[in-house]
$ cat query-v4.txt   # compact mmCIF, C-alpha atoms and all ligand atoms
# COMPACT_ATOMS: atom_id res chain seq x y z
CA MET C 1215 -12.73 -2.26 -7.30
CA ALA C 1216 -9.93 -4.31 -5.81
CA VAL C 1217 -9.50 -7.21 -8.19
CA TYR C 1218 -6.04 -6.75 -9.65
CA THR C 1219 -5.51 -10.40 -10.57
CA HIS C 1220 -8.16 -12.28 -12.51
CA VAL C 1221 -8.60 -15.92 -11.49
CA SER C 1222 -9.94 -18.23 -14.19
CA ALA C 1223 -12.65 -20.74 -13.27
CA GLU C 1224 -10.29 -23.57 -14.24
CA ALA C 1225 -7.45 -22.31 -12.02
CA LEU C 1226 -9.85 -21.81 -9.12
CA ALA C 1227 -11.31 -25.30 -9.43
CA ALA C 1228 -7.79 -26.80 -9.48
CA PHE C 1229 -6.84 -24.67 -6.44
CA LEU C 1230 -9.92 -25.76 -4.47
CA ALA C 1231 -9.28 -29.42 -5.31
CA ARG C 1232 -6.38 -29.30 -2.81
CA TYR C 1233 -8.82 -28.61 0.04
CA ASP C 1234 -11.59 -30.51 1.76
CA VAL C 1235 -14.13 -27.80 0.97
CA GLY C 1236 -16.32 -29.44 -1.66
CA GLU C 1237 -16.92 -28.28 -5.23
CA LEU C 1238 -16.88 -24.73 -6.56
CA VAL C 1239 -20.37 -23.20 -6.79
CA SER C 1240 -19.57 -19.53 -7.49
CA ALA C 1241 -16.87 -16.91 -7.13
CA LYS C 1242 -17.29 -13.15 -7.24
CA GLY C 1243 -14.71 -10.38 -7.05
CA ILE C 1244 -15.14 -8.16 -3.98
CA ALA C 1245 -15.22 -4.44 -4.69
CA GLU C 1246 -14.07 -3.24 -1.25
CA GLY C 1247 -10.42 -2.93 -0.33
CA VAL C 1248 -7.49 -1.42 -2.16
CA GLU C 1249 -4.53 -3.63 -1.33
CA ASN C 1250 -5.23 -7.21 -2.39
CA SER C 1251 -7.49 -9.10 -4.77
CA ASN C 1252 -10.38 -10.69 -2.89
CA TYR C 1253 -13.04 -13.13 -4.06
CA LEU C 1254 -16.10 -14.41 -2.28
CA VAL C 1255 -16.09 -18.14 -2.99
CA ASP C 1256 -19.03 -20.45 -2.39
CA THR C 1257 -18.49 -24.19 -2.51
CA THR C 1258 -20.72 -27.13 -1.68
CA GLY C 1259 -18.87 -27.10 1.70
CA GLY C 1260 -19.45 -23.46 2.64
CA ARG C 1261 -18.40 -19.86 2.03
CA PHE C 1262 -14.82 -18.59 1.94
CA ILE C 1263 -12.69 -15.57 1.09
CA LEU C 1264 -9.94 -16.11 -1.45
CA THR C 1265 -7.18 -13.53 -1.17
CA LEU C 1266 -4.39 -13.05 -3.71
CA TYR C 1267 -1.64 -10.89 -2.26
CA GLU C 1268 -0.62 -7.90 -4.35
CA LYS C 1269 2.03 -5.17 -4.27
CA ARG C 1270 2.26 -4.23 -0.57
CA VAL C 1271 2.19 -7.74 0.89
CA ALA C 1272 5.51 -9.57 0.66
CA ALA C 1273 5.25 -13.36 0.40
CA ASP C 1274 7.95 -13.64 3.10
CA ASP C 1275 5.64 -11.90 5.58
CA LEU C 1276 2.73 -14.30 5.10
CA PRO C 1277 3.98 -16.85 7.69
CA PHE C 1278 3.98 -14.02 10.30
CA PHE C 1279 0.41 -13.00 9.42
CA MET C 1280 -0.86 -16.59 9.40
CA ALA C 1281 0.79 -17.39 12.76
CA LEU C 1282 -0.70 -14.19 14.19
CA LEU C 1283 -4.22 -15.11 13.01
CA ASP C 1284 -3.90 -18.67 14.35
CA HIS C 1285 -2.66 -17.31 17.70
CA LEU C 1286 -5.57 -14.86 17.94
CA ALA C 1287 -8.22 -17.36 16.80
CA ASP C 1288 -6.93 -19.89 19.38
CA ARG C 1289 -7.55 -17.27 22.08
CA GLY C 1290 -11.13 -16.61 21.02
CA ASN C 1291 -10.69 -13.41 18.99
CA PRO C 1292 -13.06 -13.08 16.00
CA VAL C 1293 -10.34 -13.25 13.35
CA PRO C 1294 -10.37 -15.32 10.16
CA PRO C 1295 -7.62 -17.94 10.11
CA ALA C 1296 -6.45 -19.36 6.78
CA ILE C 1297 -7.81 -22.79 5.89
CA PRO C 1298 -5.09 -25.44 5.57
CA ASP C 1299 -5.17 -27.72 2.51
CA ARG C 1300 -5.03 -31.51 2.89
CA GLU C 1301 -1.26 -31.31 3.36
CA GLY C 1302 -1.57 -28.65 6.05
CA ARG C 1303 -0.41 -25.78 3.82
CA GLU C 1304 -2.10 -22.40 4.34
CA ILE C 1305 -0.17 -20.40 1.74
CA GLN C 1306 -0.46 -21.38 -1.93
CA GLU C 1307 0.24 -19.88 -5.33
CA LEU C 1308 -2.57 -18.97 -7.73
CA GLU C 1309 -2.28 -17.06 -11.03
CA GLY C 1310 1.34 -16.31 -10.09
CA ARG C 1311 0.39 -14.69 -6.77
CA PRO C 1312 0.67 -15.93 -3.19
CA ALA C 1313 -2.88 -16.87 -2.18
CA CYS C 1314 -4.86 -18.09 0.85
CA LEU C 1315 -8.31 -19.49 1.35
CA ILE C 1316 -9.71 -17.78 4.43
CA LYS C 1317 -12.61 -18.43 6.75
CA PHE C 1318 -15.61 -16.23 5.90
CA LEU C 1319 -16.89 -14.20 8.85
CA PRO C 1320 -20.42 -12.79 9.06
CA GLY C 1321 -21.23 -9.13 9.65
CA VAL C 1322 -20.91 -5.83 7.83
CA SER C 1323 -18.57 -2.90 8.30
CA VAL C 1324 -20.19 0.35 9.36
CA THR C 1325 -19.60 3.70 7.65
CA HIS C 1326 -20.86 5.97 10.44
CA PRO C 1327 -20.11 4.15 13.71
CA THR C 1328 -22.25 4.91 16.73
CA PRO C 1329 -20.65 5.33 20.16
CA ALA C 1330 -21.83 1.82 21.11
CA GLN C 1331 -20.16 0.37 18.03
CA ALA C 1332 -16.96 2.31 18.67
CA GLN C 1333 -16.98 1.09 22.26
CA ALA C 1334 -17.20 -2.51 21.04
CA ALA C 1335 -14.40 -1.95 18.53
CA GLY C 1336 -12.18 -0.43 21.23
CA ALA C 1337 -12.79 -3.39 23.50
CA ALA C 1338 -12.04 -5.82 20.65
CA LEU C 1339 -8.75 -4.02 19.94
CA ALA C 1340 -7.73 -4.21 23.60
CA GLN C 1341 -8.68 -7.90 23.73
CA LEU C 1342 -6.50 -8.45 20.70
CA HIS C 1343 -3.59 -6.68 22.43
CA ARG C 1344 -4.06 -8.77 25.56
CA SER C 1345 -4.02 -11.95 23.50
CA LEU C 1346 -0.80 -10.87 21.79
CA ALA C 1347 1.14 -10.39 25.03
CA ASP C 1348 2.64 -13.89 24.57
CA PHE C 1349 3.01 -13.79 20.77
CA THR C 1350 6.74 -14.04 20.15
CA LEU C 1351 7.17 -13.53 16.39
CA GLU C 1352 8.25 -10.06 15.33
CA ARG C 1353 7.81 -8.02 12.18
CA PRO C 1354 9.20 -4.48 11.87
CA ASN C 1355 6.69 -1.77 10.95
CA GLY C 1356 7.54 -1.06 7.30
CA LEU C 1357 5.24 1.99 7.46
CA GLY C 1358 6.40 3.22 10.87
CA PRO C 1359 8.02 6.54 11.86
CA ASP C 1360 11.48 5.56 10.55
CA GLU C 1361 9.96 5.20 7.07
CA TRP C 1362 7.88 8.39 6.97
CA PRO C 1363 10.73 10.71 5.91
CA ARG C 1364 11.60 8.33 3.05
CA LEU C 1365 7.96 8.07 1.99
CA LEU C 1366 7.60 11.84 2.06
CA ALA C 1367 10.78 12.26 -0.01
CA ARG C 1368 9.52 9.71 -2.55
CA CYS C 1369 6.28 11.66 -3.01
CA GLY C 1370 8.39 14.82 -3.22
CA ASP C 1371 7.19 17.96 -4.93
CA ASP C 1372 4.34 16.03 -6.58
CA LEU C 1373 2.53 16.43 -3.25
CA ASP C 1374 1.83 20.01 -4.24
CA SER C 1375 -0.14 18.76 -7.23
CA ILE C 1376 -2.61 17.26 -4.73
CA ALA C 1377 -2.88 20.56 -2.82
CA PRO C 1378 -0.64 23.63 -3.01
CA GLY C 1379 1.73 23.74 -0.02
CA LEU C 1380 1.08 20.12 0.98
CA LYS C 1381 4.75 19.11 0.95
CA ALA C 1382 5.80 21.96 3.26
CA SER C 1383 2.96 21.34 5.69
CA LEU C 1384 3.72 17.60 5.87
CA ASP C 1385 7.44 18.38 6.32
CA THR C 1386 6.62 20.63 9.29
CA ALA C 1387 4.16 18.17 10.87
CA LEU C 1388 6.59 15.28 10.43
CA ALA C 1389 9.53 17.10 12.04
CA ASP C 1390 7.35 18.02 15.02
CA VAL C 1391 5.95 14.49 15.46
CA LEU C 1392 9.34 12.78 15.14
CA GLY C 1393 10.81 15.28 17.62
CA HIS C 1394 8.21 14.24 20.21
CA TRP C 1395 7.87 10.52 19.38
CA PRO C 1396 7.56 8.61 22.69
CA LYS C 1397 10.07 6.08 23.93
CA GLY C 1398 9.60 3.24 26.41
CA LEU C 1399 5.88 2.53 25.84
CA ALA C 1400 4.65 -1.09 25.76
CA ARG C 1401 5.17 -2.81 22.41
CA SER C 1402 3.63 -5.93 20.92
CA ALA C 1403 2.25 -7.16 17.65
CA ILE C 1404 -0.41 -4.65 16.57
CA HIS C 1405 -3.06 -4.57 13.82
CA ALA C 1406 -1.98 -1.11 12.58
CA ASP C 1407 -4.95 -0.59 10.20
CA LEU C 1408 -8.14 -1.16 12.23
CA PHE C 1409 -10.41 1.12 10.22
CA PRO C 1410 -14.19 0.63 10.38
CA ASP C 1411 -13.96 -1.25 7.07
CA ASN C 1412 -11.76 -3.84 8.78
CA VAL C 1413 -14.25 -4.50 11.58
CA LEU C 1414 -17.30 -6.63 10.78
CA MET C 1415 -20.29 -6.02 13.03
CA ARG C 1416 -23.81 -7.22 13.69
CA GLY C 1417 -25.61 -4.40 15.43
CA ASP C 1418 -23.30 -3.33 18.25
CA GLN C 1419 -21.36 -6.60 18.32
CA VAL C 1420 -18.00 -7.18 16.67
CA THR C 1421 -18.19 -10.36 14.59
CA GLY C 1422 -14.89 -10.06 12.74
CA LEU C 1423 -11.54 -8.28 12.71
CA ILE C 1424 -9.98 -8.62 9.28
CA ASP C 1425 -7.14 -7.42 7.06
CA PHE C 1426 -4.07 -8.01 9.23
CA TYR C 1427 -1.64 -7.35 6.38
CA PHE C 1428 -0.09 -4.28 8.01
CA ALA C 1429 0.26 -6.07 11.36
CA CYS C 1430 3.70 -5.54 12.84
CA THR C 1431 5.57 -5.06 16.10
CA ASP C 1432 5.20 -1.51 17.37
CA ILE C 1433 3.94 0.68 20.22
CA ARG C 1434 0.64 -0.74 21.45
CA ALA C 1435 -0.93 2.68 22.09
CA TYR C 1436 -0.04 3.63 18.50
CA ASP C 1437 -2.58 1.00 17.41
CA LEU C 1438 -5.25 2.75 19.50
CA ALA C 1439 -4.20 6.07 17.96
CA VAL C 1440 -4.49 4.64 14.42
CA THR C 1441 -7.92 3.29 15.29
CA HIS C 1442 -9.02 6.60 16.80
CA SER C 1443 -7.89 8.49 13.70
CA ALA C 1444 -10.05 6.18 11.58
CA TRP C 1445 -13.18 6.00 13.79
CA ALA C 1446 -13.49 9.48 15.29
CA PHE C 1447 -13.83 11.28 11.92
CA GLU C 1448 -16.11 11.24 8.93
CA THR C 1449 -14.68 9.90 5.68
CA ASP C 1450 -13.80 13.42 4.52
CA GLY C 1451 -11.75 14.06 7.67
CA THR C 1452 -14.22 16.30 9.49
CA PRO C 1453 -14.68 15.30 13.14
CA ALA C 1454 -17.53 12.90 13.92
CA ASP C 1455 -19.68 13.07 17.05
CA PRO C 1456 -17.03 13.43 19.83
CA ALA C 1457 -18.82 10.66 21.75
CA VAL C 1458 -17.56 8.15 19.16
CA GLY C 1459 -13.85 8.76 19.83
CA ARG C 1460 -14.44 8.84 23.59
CA ALA C 1461 -16.37 5.55 23.44
CA LEU C 1462 -13.58 3.91 21.44
CA VAL C 1463 -11.01 4.78 24.11
CA ALA C 1464 -13.42 3.85 26.94
CA GLY C 1465 -14.06 0.47 25.29
CA TYR C 1466 -10.31 -0.10 25.00
CA GLU C 1467 -9.79 0.80 28.65
CA SER C 1468 -12.62 -1.47 29.80
CA VAL C 1469 -10.28 -4.33 28.85
CA LEU C 1470 -6.80 -2.81 29.02
CA PRO C 1471 -6.40 0.43 30.98
CA LEU C 1472 -3.89 2.90 29.53
CA THR C 1473 -0.88 3.90 31.59
CA ASP C 1474 -0.34 7.64 32.22
CA PRO C 1475 2.57 7.80 29.73
CA GLU C 1476 0.43 6.04 27.08
CA ARG C 1477 -2.42 8.49 27.56
CA ALA C 1478 -0.05 11.44 27.46
CA ALA C 1479 1.47 10.14 24.21
CA LEU C 1480 -1.82 9.59 22.36
CA PRO C 1481 -1.95 13.06 20.74
CA VAL C 1482 1.48 12.72 19.12
CA LEU C 1483 0.83 9.05 18.26
CA ALA C 1484 -2.42 10.12 16.57
CA ARG C 1485 -0.70 12.83 14.56
CA GLY C 1486 1.90 10.24 13.53
CA ALA C 1487 -0.87 7.89 12.46
CA CYS C 1488 -2.38 10.66 10.34
CA ILE C 1489 0.96 11.32 8.67
CA ARG C 1490 1.30 7.61 7.86
CA PHE C 1491 -2.10 7.46 6.15
CA ALA C 1492 -1.77 10.86 4.48
CA LEU C 1493 1.55 9.72 2.96
CA THR C 1494 0.47 6.26 1.81
CA ARG C 1495 -2.73 7.71 0.36
CA ALA C 1496 -0.76 10.47 -1.35
CA TRP C 1497 1.64 7.92 -2.84
CA ASP C 1498 -1.29 5.85 -4.12
CA TRP C 1499 -3.01 9.00 -5.40
CA LEU C 1500 0.07 9.84 -7.43
CA ASN C 1501 0.77 6.26 -8.58
CA THR C 1502 -2.53 4.42 -9.03
CA PRO C 1503 -2.10 1.76 -11.74
CA ALA C 1504 -3.98 2.72 -14.89
CA ASP C 1505 -5.40 -0.80 -15.34
CA ALA C 1506 -7.04 -1.07 -11.89
CA LEU C 1507 -10.56 0.20 -11.31
CA VAL C 1508 -9.71 1.04 -7.74
CA THR C 1509 -11.15 3.94 -5.80
CA ARG C 1510 -8.31 6.15 -4.59
CA LYS C 1511 -8.59 7.28 -0.97
CA ASP C 1512 -8.34 11.00 -0.33
CA PRO C 1513 -5.02 11.99 1.31
CA LEU C 1514 -6.41 15.38 2.29
CA ALA C 1515 -8.99 13.71 4.53
CA TYR C 1516 -6.00 12.64 6.61
CA VAL C 1517 -4.26 16.01 6.42
CA ARG C 1518 -7.40 17.53 8.00
CA ARG C 1519 -7.05 15.08 10.90
CA ILE C 1520 -3.42 16.12 11.51
CA ASP C 1521 -4.65 19.69 11.88
CA TRP C 1522 -7.49 18.62 14.17
CA TYR C 1523 -5.24 16.69 16.55
CA ALA C 1524 -2.76 19.60 16.58
CA ALA C 1525 -5.58 21.99 17.49
CA HIS C 1526 -7.01 19.65 20.19
CA PRO C 1527 -4.04 18.57 22.34
CA HIS C 1528 -6.38 17.55 25.17
CA ALA C 1529 -8.55 15.25 23.03
CA PHE C 1530 -7.48 12.21 25.09
CA ALA C 1531 -7.28 13.85 28.52
N1 LIG A 1601 -12.74 -13.21 6.43
C1 LIG A 1601 -13.65 -12.43 5.86
N2 LIG A 1601 -14.95 -12.64 6.06
C2 LIG A 1601 -15.88 -11.87 5.44
N3 LIG A 1601 -15.60 -10.88 4.59
C3 LIG A 1601 -14.31 -10.63 4.36
C4 LIG A 1601 -13.26 -11.36 4.98
N4 LIG A 1601 -12.08 -10.89 4.53
C5 LIG A 1601 -12.38 -9.89 3.67
N5 LIG A 1601 -13.71 -9.73 3.56
C6 LIG A 1601 -14.43 -8.77 2.68
O1 LIG A 1601 -13.54 -8.35 1.68
C7 LIG A 1601 -13.35 -6.93 1.72
C8 LIG A 1601 -11.91 -6.60 1.40
O2 LIG A 1601 -11.04 -7.24 2.33
P1 LIG A 1601 -9.75 -6.53 2.93
O3 LIG A 1601 -10.15 -5.34 3.75
O4 LIG A 1601 -8.93 -7.58 3.60
O5 LIG A 1601 -9.07 -6.05 1.58
P2 LIG A 1601 -7.82 -5.18 1.30
O6 LIG A 1601 -7.68 -5.06 -0.17
O7 LIG A 1601 -6.63 -5.73 2.04
O8 LIG A 1601 -8.33 -3.80 1.89
P3 LIG A 1601 -7.80 -2.49 2.63
O9 LIG A 1601 -8.02 -1.42 1.65
O10 LIG A 1601 -8.74 -2.32 3.81
O11 LIG A 1601 -6.39 -2.70 3.03
C9 LIG A 1601 -13.77 -6.52 3.10
O12 LIG A 1601 -14.24 -5.22 3.14
C10 LIG A 1601 -14.88 -7.53 3.42
O13 LIG A 1601 -16.08 -7.10 2.81
N1 LIG A 1602 -6.85 1.87 5.70
C1 LIG A 1602 -5.97 2.54 4.78
C2 LIG A 1602 -5.73 1.72 3.56
C3 LIG A 1602 -4.78 0.61 3.86
O1 LIG A 1602 -3.54 1.15 4.27
C4 LIG A 1602 -6.53 3.92 4.38
O2 LIG A 1602 -7.72 4.14 4.57
O3 LIG A 1602 -5.77 4.72 3.88
$ encode --input "query-v4.txt" --output "structure tokens"
Amino acid sequence: MAVYTHVSAEALAAFLARYDVGELVSAKGIAEGVENSNYLVDTTGGRFILTLYEKRVAADDLPFFMALLDHLADRGNPVPPAIPDREGREIQELEGRPACLIKFLPGVSVTHPTPAQAQAAGAALAQLHRSLADFTLERPNGLGPDEWPRLLARCGDDLDSIAPGLKASLDTALADVLGHWPKGLARSAIHADLFPDNVLMRGDQVTGLIDFYFACTDIRAYDLAVTHSAWAFETDGTPADPAVGRALVAGYESVLPLTDPERAALPVLARGACIRFALTRAWDWLNTPADALVTRKDPLAYVRRIDWYAAHPHAFA
């Protein structure tokens, strides 16, 4: 469960006193998620998410994320902006961590998306990209292709303790992907982690896009590739109903048609996305803190996707 930092009732009450949100009624740690500590907070004024930012979120990046969420919310995207306190501050400190009180959005995330749900998610992603065309802040992708060789080297030979031969196969896949990485495609701020668990839905409607803490400036079609790699497969990395992946791309294109070079690049972008998640999952697998009751995500489920995309070069044709 992703509660790394415990928040005492006293500290939470003092924190909430800075806001116009009424009195604390209850607060519960949220089990989902692996990156940050999240609490569901009910007050006499409503329901909120309290997020305390942990290891992978740098406090210096929070102004970028908050500006991004405000920009998207202003343009009608279903994203949760941070609530400002009475002095207009969105970013606070709580229990020694940077912390934000965030608007609660309704909906649930689906585990086995239907084509209709994937279509809606694809359209929501494209709408987000359209809205970001005039967003001027930049943040380099700290988990982008330039970083993958370093991440692989840091995992090193320990990768073979996850599966024999894993290091060599990731080395080979990485060299191939980097050798074919596209240049000149449209860039903007992207979500970079739009897994089904970061999309809240009611039926076939998207009610929330959450967890923007990997958002960065990168190739726009890479964001679609990341999303495809997360939606078009079962959790264990076996392919889902092919209609789901097709619907995701069709939904995206109903709002923002792909250019020919973007479509042609999707297979290599998707394999790159798989390498990114295989490596970060492998690193977490090898380094999960002993004091956190967090469910480790299976790196091999992403290795299987690398193989699938390599074996299906026309998946996006
Ligand atoms: N604004 C929100 N409205 C409603 N629920 C939310 C909101 N933000 C987060 N949640 C809930 O909290 C859970 C964890 O949030 P989030 O995905 O941001 O955590 P994380 O630790 O950053 O996770 P991840 O492993 O996906 O990076 C979500 O699955 C969702 O149930
Ligand atoms: N969505 C990621 C976790 C956050 O990087 C994964 O499933 O590996």
$ residues_near_ligand --input "query-v4.txt" --ligand "ligand LIG 1601 (chain A)" --cutoff "8 Å" --atoms "all atoms listed in the file" --output "VMD selection string"
chain C and resid 1216 1244 to 1254 1262 to 1263 1265 1293 to 1295 1316 to 1323 1407 1409 1411 to 1412 1414 1422 1424 to 1427
$ closest_atom_pairs --input "query-v4.txt" --of "chain C" --to "ligand LIG 1602 (chain A)" --cutoff "10 Å" --atoms "all atoms listed in the file" --output "tab-separated table"
residue	atom	partner	partner_atom	distance
C:Gly1247	CA	A:LIG1602	C2	7.7
C:Val1248	CA	A:LIG1602	C2	6.8
C:Glu1249	CA	A:LIG1602	C3	6.7
C:Arg1270	CA	A:LIG1602	O1	9.3
C:Leu1357	CA	A:LIG1602	O1	9.4
C:Ala1406	CA	A:LIG1602	O1	8.8
C:Asp1407	CA	A:LIG1602	N1	5.5
C:Leu1408	CA	A:LIG1602	N1	7.3
C:Phe1409	CA	A:LIG1602	N1	5.8
C:Pro1410	CA	A:LIG1602	N1	8.8
C:Asp1411	CA	A:LIG1602	N1	7.9
C:Asn1412	CA	A:LIG1602	N1	8.1
C:Asp1425	CA	A:LIG1602	C3	9.0
C:Tyr1427	CA	A:LIG1602	C3	8.9
C:Phe1428	CA	A:LIG1602	O1	7.4
C:Val1440	CA	A:LIG1602	N1	9.4
C:Thr1441	CA	A:LIG1602	N1	9.8
C:Ala1444	CA	A:LIG1602	O2	7.7
C:Thr1449	CA	A:LIG1602	O2	9.1
C:Cys1488	CA	A:LIG1602	O3	9.4
C:Arg1490	CA	A:LIG1602	O3	8.6
C:Phe1491	CA	A:LIG1602	O3	5.1
C:Ala1492	CA	A:LIG1602	O3	7.4
C:Leu1493	CA	A:LIG1602	O3	8.9
C:Thr1494	CA	A:LIG1602	O3	6.8
C:Arg1495	CA	A:LIG1602	O3	5.5
C:Ala1496	CA	A:LIG1602	O3	9.2
C:Asp1498	CA	A:LIG1602	O3	9.2
C:Arg1510	CA	A:LIG1602	O3	9.0
C:Lys1511	CA	A:LIG1602	O3	6.2
C:Asp1512	CA	A:LIG1602	O3	8.0
C:Pro1513	CA	A:LIG1602	O3	7.7
C:Ala1515	CA	A:LIG1602	O3	9.6
C:Tyr1516	CA	A:LIG1602	O3	8.4
$ write_last_selection --input "query-v4.txt" --atoms "C-alpha atoms" --output "mmCIF file, in the frame of the given file"
data_model
loop_
_atom_site.group_PDB
_atom_site.id
_atom_site.type_symbol
_atom_site.label_atom_id
_atom_site.label_comp_id
_atom_site.auth_asym_id
_atom_site.auth_seq_id
_atom_site.Cartn_x
_atom_site.Cartn_y
_atom_site.Cartn_z
ATOM 1 C CA GLY C 1247 -10.420 -2.930 -0.330
ATOM 2 C CA VAL C 1248 -7.490 -1.420 -2.160
ATOM 3 C CA GLU C 1249 -4.530 -3.630 -1.330
ATOM 4 C CA ARG C 1270 2.260 -4.230 -0.570
ATOM 5 C CA LEU C 1357 5.240 1.990 7.460
ATOM 6 C CA ALA C 1406 -1.980 -1.110 12.580
ATOM 7 C CA ASP C 1407 -4.950 -0.590 10.200
ATOM 8 C CA LEU C 1408 -8.140 -1.160 12.230
ATOM 9 C CA PHE C 1409 -10.410 1.120 10.220
ATOM 10 C CA PRO C 1410 -14.190 0.630 10.380
ATOM 11 C CA ASP C 1411 -13.960 -1.250 7.070
ATOM 12 C CA ASN C 1412 -11.760 -3.840 8.780
ATOM 13 C CA ASP C 1425 -7.140 -7.420 7.060
ATOM 14 C CA TYR C 1427 -1.640 -7.350 6.380
ATOM 15 C CA PHE C 1428 -0.090 -4.280 8.010
ATOM 16 C CA VAL C 1440 -4.490 4.640 14.420
ATOM 17 C CA THR C 1441 -7.920 3.290 15.290
ATOM 18 C CA ALA C 1444 -10.050 6.180 11.580
ATOM 19 C CA THR C 1449 -14.680 9.900 5.680
ATOM 20 C CA CYS C 1488 -2.380 10.660 10.340
ATOM 21 C CA ARG C 1490 1.300 7.610 7.860
ATOM 22 C CA PHE C 1491 -2.100 7.460 6.150
ATOM 23 C CA ALA C 1492 -1.770 10.860 4.480
ATOM 24 C CA LEU C 1493 1.550 9.720 2.960
ATOM 25 C CA THR C 1494 0.470 6.260 1.810
ATOM 26 C CA ARG C 1495 -2.730 7.710 0.360
ATOM 27 C CA ALA C 1496 -0.760 10.470 -1.350
ATOM 28 C CA ASP C 1498 -1.290 5.850 -4.120
ATOM 29 C CA ARG C 1510 -8.310 6.150 -4.590
ATOM 30 C CA LYS C 1511 -8.590 7.280 -0.970
ATOM 31 C CA ASP C 1512 -8.340 11.000 -0.330
ATOM 32 C CA PRO C 1513 -5.020 11.990 1.310
ATOM 33 C CA ALA C 1515 -8.990 13.710 4.530
ATOM 34 C CA TYR C 1516 -6.000 12.640 6.610
#
$ atom_distance --input "query-v4.txt" --atom1 "CA of Pro1453 (chain C)" --atom2 "CA of Leu1388 (chain C)"
21.4 Å
$ closest_residue --input "query-v4.txt" --among "C:Leu1286, C:Ala1454, C:Val1482, C:Leu1226" --to "Pro1396 (chain C)" --atoms "only C-alpha atoms"
C:Val1482
$ atom_distance --input "query-v4.txt" --atom1 "CA of Pro1329 (chain C)" --atom2 "CA of Asp1450 (chain C)"
18.9 Å
$ atom_distance --input "query-v4.txt" --atom1 "CA of Gln1341 (chain C)" --atom2 "CA of Gly1459 (chain C)"
17.9 Å
$ closest_residue --input "query-v4.txt" --among "C:His1528, C:Arg1364, C:Lys1397, C:Arg1289" --to "Arg1344 (chain C)" --atoms "all atoms listed in the file"
C:Arg1289
$ residues_around --input "query-v4.txt" --residues "Asn1355 (chain C)" --least-positions-apart "4" --cutoff "10 Å" --atoms "only C-alpha atoms" --output "ChimeraX atom specification"
/C:1359-1361,1403-1404,1406,1428-1433
$ closest_residue --input "query-v4.txt" --among "C:Val1255, C:Val1235, C:Val1517, C:Leu1346" --to "Pro1298 (chain C)" --atoms "only C-alpha atoms"
C:Val1235
